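**Q** Structure file structure.cif, mmCIF, C-alpha atoms, is pasted below:
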```cif
data_target
#
loop_
_atom_site.label_atom_id
_atom_site.label_comp_id
_atom_site.auth_asym_id
_atom_site.auth_seq_id
_atom_site.Cartn_x
_atom_site.Cartn_y
_atom_site.Cartn_z
CA MET A 1 142.73 131.50 131.79
CA TYR A 2 145.63 133.07 133.53
CA GLN A 3 147.37 136.34 132.99
CA ALA A 4 150.96 135.89 131.84
CA GLU A 5 151.64 139.56 131.33
CA ASN A 6 149.52 142.63 131.61
CA THR A 7 148.96 142.89 127.85
CA ASN A 8 148.92 139.25 126.68
CA PHE A 9 146.40 136.62 127.75
CA LYS A 10 146.85 132.89 127.23
CA THR A 11 144.10 130.28 127.32
CA ASN A 12 144.42 126.73 128.52
CA GLN A 13 141.62 125.52 126.21
CA SER A 14 142.23 123.06 123.42
CA VAL A 15 140.91 123.50 119.89
CA THR A 16 138.13 120.95 120.46
CA GLN A 17 136.94 122.73 123.59
CA GLU A 18 136.85 126.03 121.75
CA PHE A 19 134.99 124.39 118.83
CA THR A 20 132.32 122.78 121.05
CA ARG A 21 131.74 126.02 122.92
CA SER A 22 131.37 128.15 119.79
CA CYS A 23 128.01 128.78 118.11
CA LEU A 24 129.11 127.19 114.82
CA GLY A 25 130.39 124.13 116.68
CA ARG A 26 127.10 123.67 118.51
CA ILE A 27 125.12 124.04 115.28
CA LEU A 28 127.32 121.46 113.51
CA ILE A 29 127.04 119.01 116.41
CA ALA A 30 123.24 119.38 116.50
CA GLY A 31 123.12 118.88 112.72
CA VAL A 32 125.17 115.68 112.96
CA ILE A 33 122.91 114.33 115.73
CA ILE A 34 119.80 115.10 113.66
CA LEU A 35 121.35 113.51 110.56
CA VAL A 36 122.20 110.33 112.50
CA GLY A 37 118.64 110.22 113.86
CA LEU A 38 117.16 110.60 110.38
CA LEU A 39 119.44 107.89 108.97
CA LEU A 40 118.47 105.59 111.82
CA ALA A 41 114.76 106.31 111.19
CA TYR A 42 115.19 105.68 107.45
CA PHE A 43 116.82 102.28 107.91
CA THR A 44 114.53 101.11 110.76
CA ALA A 45 111.14 102.17 109.35
CA PRO A 46 108.94 99.04 109.17
CA LYS A 47 108.20 97.49 105.77
CA GLU A 48 104.63 97.42 104.46
CA SER A 49 104.32 93.67 104.99
CA ASP A 50 105.47 93.97 108.62
CA MET A 51 103.03 96.84 109.19
CA ASN A 52 100.12 94.86 107.69
CA GLU A 53 100.89 91.79 109.79
CA GLU A 54 101.32 93.67 113.07
CA MET A 55 98.35 95.99 112.50
CA LEU A 56 96.05 93.05 111.66
CA ASP A 57 97.09 91.55 114.99
CA ASN A 58 96.40 94.89 116.73
CA VAL A 59 92.97 95.19 115.10
CA MET A 60 92.10 91.64 116.18
CA GLN A 61 93.16 92.52 119.74
CA CYS A 62 90.93 95.63 119.58
CA ILE A 63 87.97 93.48 118.50
CA GLU A 64 88.78 90.94 121.22
CA VAL A 65 89.02 93.55 123.98
CA ASN A 66 85.81 95.33 122.95
CA ASP A 67 83.83 92.10 122.56
CA ALA A 68 81.72 92.36 125.70
CA ILE A 69 82.28 95.88 127.05
CA LYS A 70 82.65 98.88 124.78
CA GLY A 71 85.18 101.16 126.45
CA ASP A 72 85.71 104.87 126.05
CA ALA A 73 88.62 106.65 124.37
CA VAL A 74 90.91 106.39 127.42
CA ASP A 75 90.44 102.61 127.47
CA ASP A 76 91.32 102.45 123.77
CA TYR A 77 94.54 104.45 124.30
CA VAL A 78 95.60 102.25 127.21
CA HIS A 79 94.80 99.11 125.21
CA ASN A 80 96.82 100.45 122.26
CA LEU A 81 99.86 100.77 124.53
CA THR A 82 99.49 97.14 125.60
CA PHE A 83 98.95 95.97 122.00
CA ILE A 84 102.57 96.92 121.26
CA PHE A 85 103.81 94.11 123.53
CA THR A 86 101.07 91.45 123.14
CA THR A 87 99.53 89.31 120.41
CA ALA A 88 95.91 88.44 119.69
CA ASP A 89 94.32 85.17 120.74
CA THR A 90 92.59 84.23 117.49
CA THR A 91 90.62 81.41 119.14
CA VAL A 92 88.63 83.91 121.22
CA ILE A 93 87.42 86.03 118.27
CA PRO A 94 84.20 84.61 116.77
CA LYS A 95 84.62 83.43 113.19
CA ASP A 96 81.62 85.46 111.97
CA GLU A 97 83.16 88.70 113.31
CA LEU A 98 86.42 87.89 111.56
CA GLU A 99 84.55 87.27 108.28
CA THR A 100 82.58 90.51 108.74
CA TYR A 101 85.81 92.42 109.35
CA ASN A 102 87.41 90.99 106.21
CA LYS A 103 84.26 91.69 104.17
CA TYR A 104 83.71 95.36 105.11
CA ASN A 105 87.20 96.63 106.03
CA ARG A 106 90.44 96.95 104.11
CA LEU A 107 93.80 97.50 105.83
CA GLU A 108 96.57 99.17 103.84
CA SER A 109 100.06 100.22 104.91
CA TYR A 110 102.36 102.78 103.35
CA ARG A 111 106.09 103.26 103.81
CA HIS A 112 107.21 106.86 103.88
CA THR A 113 110.78 108.11 103.99
CA PHE A 114 111.32 107.97 107.75
CA TYR A 115 108.19 106.17 109.02
CA SER A 116 105.30 103.92 107.97
CA THR A 117 101.54 104.29 108.42
CA SER A 118 98.52 101.98 108.28
CA TYR A 119 94.97 102.95 107.32
CA ILE A 120 91.59 101.20 107.52
CA TYR A 121 89.19 101.84 104.65
CA ASN A 122 85.47 101.07 104.97
CA ASN A 123 82.09 102.68 104.27
CA MET A 124 82.32 104.86 107.38
CA HIS A 125 85.80 106.06 106.42
CA PRO A 126 86.08 105.90 102.62
CA GLU A 127 89.10 108.23 102.72
CA GLY A 128 90.69 105.97 105.35
CA THR A 129 91.50 106.49 108.98
CA ARG A 130 95.01 106.05 110.39
CA VAL A 131 95.24 103.09 112.76
CA GLY A 132 98.99 102.75 113.22
CA VAL A 133 102.39 104.40 112.90
CA GLY A 134 105.74 102.65 112.65
CA ILE A 135 109.02 104.40 113.41
CA PHE A 136 112.45 103.20 114.65
CA GLY A 137 111.30 99.59 114.21
CA ILE A 138 108.37 100.01 116.63
CA ILE A 139 104.77 99.79 115.41
CA ILE A 140 102.46 101.94 117.51
CA PRO A 141 98.73 101.21 117.08
CA THR A 142 96.22 104.06 117.21
CA VAL A 143 93.17 101.96 116.32
CA LEU A 144 89.84 102.78 117.95
CA TYR A 145 86.93 100.34 118.02
CA GLN A 146 84.66 102.86 116.29
CA ASP A 147 87.04 102.93 113.29
CA ILE A 148 86.22 99.31 112.48
CA LEU A 149 83.01 98.53 110.59
CA LEU A 150 81.49 95.30 111.95
CA GLU A 151 77.75 95.93 111.66
CA VAL A 152 75.97 96.89 108.47
CA GLY A 153 72.29 97.80 108.30
CA PRO A 154 69.91 99.53 105.89
CA VAL A 155 69.82 103.31 105.81
CA HIS A 156 66.12 103.32 104.85
CA LYS A 157 63.44 100.66 104.31
CA GLY A 158 62.95 100.84 100.58
CA TYR A 159 64.01 102.54 97.39
CA GLU A 160 60.75 104.48 97.11
CA GLN A 161 61.11 106.03 100.56
CA LYS A 162 62.89 109.38 100.73
CA LEU A 163 65.61 109.90 103.30
CA ASN A 164 64.36 113.36 104.28
CA GLN A 165 60.61 113.76 104.59
CA GLN A 166 59.34 117.20 103.66
CA VAL A 167 57.57 118.99 106.50
CA VAL A 168 54.57 121.12 105.53
CA ALA A 169 53.30 123.76 107.97
CA PRO A 170 49.49 124.03 108.30
CA GLN A 171 47.98 127.02 106.45
CA GLU A 172 45.88 128.38 109.33
CA VAL A 173 48.87 129.21 111.55
CA ASP A 174 49.42 133.01 111.74
CA MET A 175 53.11 133.77 111.37
CA GLY A 176 52.70 137.47 112.27
CA VAL A 177 53.36 140.61 110.29
CA THR A 178 56.77 141.59 109.02
CA PRO A 179 57.67 145.05 110.34
CA GLU A 180 58.43 147.73 107.81
CA ILE A 181 62.16 147.92 107.33
CA THR A 182 63.75 151.15 106.16
CA GLU A 183 67.29 151.89 105.17
CA PHE A 184 69.51 153.74 107.58
CA HIS A 185 71.15 156.89 106.23
CA TYR A 186 73.83 158.78 108.12
CA LYS A 187 72.97 162.45 108.26
CA GLY A 188 76.11 163.71 109.93
CA ASP A 189 76.61 165.03 113.41
CA ILE A 190 73.70 167.15 114.49
CA GLU A 191 74.60 170.05 116.75
CA ASN A 192 72.00 171.88 118.77
#
```
Once you've parsed the file, please lay out its structure as structure tokens.
**A**
Amino acid sequence: MYQAENTNFKTNQSVTQEFTRSCLGRILIAGVIILVGLLLAYFTAPKESDMNEEMLDNVMQCIEVNDAIKGDAVDDYVHNLTFIFTTADTTVIPKDELETYNKYNRLESYRHTFYSTSYIYNNMHPEGTRVGVGIFGIIIPTVLYQDILLEVGPVHKGYEQKLNQQVVAPQEVDMGVTPEITEFHYKGDIEN
């Protein structure tokens, strides 16, 4: 800005500069950027069939990686990052493990408005546990080896056996005497 006269000021800013520097202009620009991002997310969210195919590959990679050595949670997160860029070698996975997976686990994918999710359902997770998220055309696995049910065993030996055995304390043990409990009554402040 420069001072033309003592009472009048002129600005050298254009209308677009004034608009982008105003509060309303910044709010409108941020709204347009968010709207473009949401439209991009809507049109690039993976379809259910793509999610199922990619997540089945990611689950097979998880089984393959955890075949000999069971890693901890950090290993699973690092493996999940690599699963985005790699595919499973189906010749390495034993056929009986693949049949066990298909028998006891069910993979389902859902397309939401701006993203897609995949869940594994089994006896350990009857409500389902999320194993993958797809957004902007990228499918990100979050599968952990403990989410997959591959071993099934009996809970108890027979139908006649109770799950919780009742414990009975011997009668000759002295448990002590319960002290006499009296109610507490407030009697006000006592002054001497």
**Q** Ranking A:Val15, A:Ile33, A:Ala45, A:Ile140 by minimum distance to A:Leu81 and counting all atoms listed in the file, which one comes first?
**A**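 Comparing A:Val15, A:Ile33, A:Ala45, A:Ile140 against A:Leu81, the winner is A:Ile140.
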**Q** Counting only C-alpha atoms, find residues at most 7 Å from (84.7, 95.5, 113.2) (file frame) and give them as number ranges by chain.
**A** A: 63, 97, 101, 148-150
**Q** In Å, with one decimal, what is the gap from atom CA of A:Arg106 to atom CA of A:Tyr42?
**A** 26.5 Å
**Q** If you measure from atom CA of A:Asn80 to atom CA of A:Ile139, what distance in Å do you get, rounded to one decimal?
**A**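 Here the two named atoms are 10.5 Å from each other.
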**Q** Please report as JSON lines every residue of stretch 33-102 of chain A lying within 8 Å of stretch 116-125 of chain A, along with the nearest atom pair and their distance in Å (one decimal), using all atoms listed in the file.
**A**
```
{"residue": "A:Ala45", "atom": "CA", "partner": "A:Ser116", "partner_atom": "CA", "distance": 6.3}
{"residue": "A:Pro46", "atom": "CA", "partner": "A:Ser116", "partner_atom": "CA", "distance": 6.2}
{"residue": "A:Lys47", "atom": "CA", "partner": "A:Ser116", "partner_atom": "CA", "distance": 7.4}
{"residue": "A:Glu48", "atom": "CA", "partner": "A:Ser116", "partner_atom": "CA", "distance": 7.4}
{"residue": "A:Met51", "atom": "CA", "partner": "A:Ser118", "partner_atom": "CA", "distance": 6.9}
{"residue": "A:Asn52", "atom": "CA", "partner": "A:Ser118", "partner_atom": "CA", "distance": 7.3}
{"residue": "A:Met55", "atom": "CA", "partner": "A:Ser118", "partner_atom": "CA", "distance": 7.3}
```
**Q** Please produce a file of those selected residues containing C-alpha atoms, as a JSON list (two decimals), in the frame of the given file.
**A**
```
[["chain", "number", "residue", "atom", "x", "y", "z"],
["A", 45, "ALA", "CA", 111.14, 102.17, 109.35],
["A", 46, "PRO", "CA", 108.94, 99.04, 109.17],
["A", 47, "LYS", "CA", 108.20, 97.49, 105.77],
["A", 48, "GLU", "CA", 104.63, 97.42, 104.46],
["A", 51, "MET", "CA", 103.03, 96.84, 109.19],
["A", 52, "ASN", "CA", 100.12, 94.86, 107.69],
["A", 55, "MET", "CA", 98.35, 95.99, 112.50]]
```
**Q** So that I can see what lies close to stretch 86-96 of chain A, please list as a VMD selection string the residues with an atom at most 6 Å from it, counting all atoms listed in the file and leaving out residues fewer than 3 positions away in the same chain.
**A** chain A and resid 57 61 64 83 99
**Q** The selected residues should be written to file as a PDB file, in the coordinates of the input (atoms: C-alpha atoms).
**A**
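Below is the file that was written, again10.pdb:
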```pdb
ATOM      1  CA  ASP A  57      97.090  91.550 114.990  1.00  0.00           C
ATOM      2  CA  GLN A  61      93.160  92.520 119.740  1.00  0.00           C
ATOM      3  CA  GLU A  64      88.780  90.940 121.220  1.00  0.00           C
ATOM      4  CA  PHE A  83      98.950  95.970 122.000  1.00  0.00           C
ATOM      5  CA  GLU A  99      84.550  87.270 108.280  1.00  0.00           C
TER       6      GLU A  99
END
```
**Q** If I take atom CA of A:Val36 and atom CA of A:Val131, how far is one from the other in Å, to one decimal?
**A**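 Between atom CA of A:Val36 and atom CA of A:Val131 the gap works out to 27.9 Å.
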**Q** So, counting only C-alpha atoms, which residue among A:Val74, A:Val177, A:Leu38, A:Leu56 is closest to A:Thr113?
**A**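 Going through A:Val74, A:Val177, A:Leu38, A:Leu56 one by one, the smallest distance to A:Thr113 is for A:Leu38.
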**Q** Could you tell me which of A:Lys103, A:Pro126, A:Glu180, A:Tyr145 comes closest to A:Asp75 if we count only C-alpha atoms?
**A** A:Tyr145
**Q** When the PyMOL selection byres ((chain A and resi 142) around 6) is applied to the structure above, which residues does it catch, written out as a PDB file with C-alpha atoms, in the coordinates of the input?
**A**
```pdb
ATOM      1  CA  VAL A 131      95.240 103.090 112.760  1.00  0.00           C
ATOM      2  CA  GLY A 132      98.990 102.750 113.220  1.00  0.00           C
ATOM      3  CA  PRO A 141      98.730 101.210 117.080  1.00  0.00           C
ATOM      4  CA  VAL A 143      93.170 101.960 116.320  1.00  0.00           C
TER       5      VAL A 143
END
```
**Q** Just checking: using only C-alpha atoms, which residue out of A:Ala41, A:Glu151, A:Glu53, A:Gly188 ends up closest to A:Tyr104?
**A** A:Glu151
**Q** Considering all atoms listed in the file, can you say which of A:Ile84, A:Leu40, A:His79, A:Tyr110 comes closest to A:Phe136?
**A**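 Distance minimum relative to A:Phe136 lands on A:Leu40.
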**Q** Output stretch 123-138 of chain A with N, CA, C and O atoms present, as a PDB file, in the coordinates of the input.
**A**
```
ATOM      1  N   ASN A 123      83.150 101.747 104.674  1.00  0.00           N
ATOM      2  CA  ASN A 123      82.090 102.680 104.270  1.00  0.00           C
ATOM      3  C   ASN A 123      81.978 103.876 105.203  1.00  0.00           C
ATOM      4  O   ASN A 123      81.527 104.939 104.792  1.00  0.00           O
ATOM      5  N   MET A 124      82.351 103.723 106.457  1.00  0.00           N
ATOM      6  CA  MET A 124      82.320 104.860 107.380  1.00  0.00           C
ATOM      7  C   MET A 124      83.475 105.812 107.118  1.00  0.00           C
ATOM      8  O   MET A 124      83.357 107.015 107.327  1.00  0.00           O
ATOM      9  N   HIS A 125      84.598 105.271 106.687  1.00  0.00           N
ATOM     10  CA  HIS A 125      85.800 106.060 106.420  1.00  0.00           C
ATOM     11  C   HIS A 125      86.308 105.731 105.016  1.00  0.00           C
ATOM     12  O   HIS A 125      87.321 105.043 104.868  1.00  0.00           O
ATOM     13  N   PRO A 126      85.620 106.228 103.979  1.00  0.00           N
ATOM     14  CA  PRO A 126      86.080 105.900 102.620  1.00  0.00           C
ATOM     15  C   PRO A 126      87.437 106.517 102.289  1.00  0.00           C
ATOM     16  O   PRO A 126      88.166 105.999 101.457  1.00  0.00           O
ATOM     17  N   GLU A 127      87.798 107.617 102.945  1.00  0.00           N
ATOM     18  CA  GLU A 127      89.100 108.230 102.720  1.00  0.00           C
ATOM     19  C   GLU A 127      90.175 107.556 103.574  1.00  0.00           C
ATOM     20  O   GLU A 127      91.359 107.835 103.409  1.00  0.00           O
ATOM     21  N   GLY A 128      89.765 106.702 104.489  1.00  0.00           N
ATOM     22  CA  GLY A 128      90.690 105.970 105.350  1.00  0.00           C
ATOM     23  C   GLY A 128      90.930 106.690 106.653  1.00  0.00           C
ATOM     24  O   GLY A 128      90.896 107.916 106.718  1.00  0.00           O
ATOM     25  N   THR A 129      91.146 105.932 107.683  1.00  0.00           N
ATOM     26  CA  THR A 129      91.500 106.490 108.980  1.00  0.00           C
ATOM     27  C   THR A 129      92.778 105.806 109.467  1.00  0.00           C
ATOM     28  O   THR A 129      92.915 104.595 109.349  1.00  0.00           O
ATOM     29  N   ARG A 130      93.715 106.599 109.976  1.00  0.00           N
ATOM     30  CA  ARG A 130      95.010 106.050 110.390  1.00  0.00           C
ATOM     31  C   ARG A 130      94.828 105.214 111.651  1.00  0.00           C
ATOM     32  O   ARG A 130      94.238 105.657 112.632  1.00  0.00           O
ATOM     33  N   VAL A 131      95.358 103.996 111.620  1.00  0.00           N
ATOM     34  CA  VAL A 131      95.240 103.090 112.760  1.00  0.00           C
ATOM     35  C   VAL A 131      96.589 102.650 113.291  1.00  0.00           C
ATOM     36  O   VAL A 131      96.645 101.856 114.229  1.00  0.00           O
ATOM     37  N   GLY A 132      97.676 103.136 112.721  1.00  0.00           N
ATOM     38  CA  GLY A 132      98.990 102.750 113.220  1.00  0.00           C
ATOM     39  C   GLY A 132     100.110 103.536 112.589  1.00  0.00           C
ATOM     40  O   GLY A 132     100.013 103.967 111.443  1.00  0.00           O
ATOM     41  N   VAL A 133     101.191 103.704 113.361  1.00  0.00           N
ATOM     42  CA  VAL A 133     102.390 104.400 112.900  1.00  0.00           C
ATOM     43  C   VAL A 133     103.591 103.551 113.286  1.00  0.00           C
ATOM     44  O   VAL A 133     103.648 103.028 114.400  1.00  0.00           O
ATOM     45  N   GLY A 134     104.525 103.400 112.362  1.00  0.00           N
ATOM     46  CA  GLY A 134     105.740 102.650 112.650  1.00  0.00           C
ATOM     47  C   GLY A 134     106.954 103.528 112.456  1.00  0.00           C
ATOM     48  O   GLY A 134     107.129 104.145 111.409  1.00  0.00           O
ATOM     49  N   ILE A 135     107.803 103.609 113.473  1.00  0.00           N
ATOM     50  CA  ILE A 135     109.020 104.400 113.410  1.00  0.00           C
ATOM     51  C   ILE A 135     110.067 103.755 114.315  1.00  0.00           C
ATOM     52  O   ILE A 135     109.719 103.195 115.358  1.00  0.00           O
ATOM     53  N   PHE A 136     111.335 103.793 113.911  1.00  0.00           N
ATOM     54  CA  PHE A 136     112.450 103.200 114.650  1.00  0.00           C
ATOM     55  C   PHE A 136     112.208 101.719 114.943  1.00  0.00           C
ATOM     56  O   PHE A 136     112.591 101.219 115.989  1.00  0.00           O
ATOM     57  N   GLY A 137     111.540 101.013 114.044  1.00  0.00           N
ATOM     58  CA  GLY A 137     111.300  99.590 114.210  1.00  0.00           C
ATOM     59  C   GLY A 137     110.157  99.246 115.153  1.00  0.00           C
ATOM     60  O   GLY A 137     109.884  98.081 115.387  1.00  0.00           O
ATOM     61  N   ILE A 138     109.481 100.231 115.707  1.00  0.00           N
ATOM     62  CA  ILE A 138     108.370 100.010 116.630  1.00  0.00           C
ATOM     63  C   ILE A 138     107.079 100.387 115.922  1.00  0.00           C
ATOM     64  O   ILE A 138     106.981 101.451 115.313  1.00  0.00           O
TER      65      ILE A 138
END
```
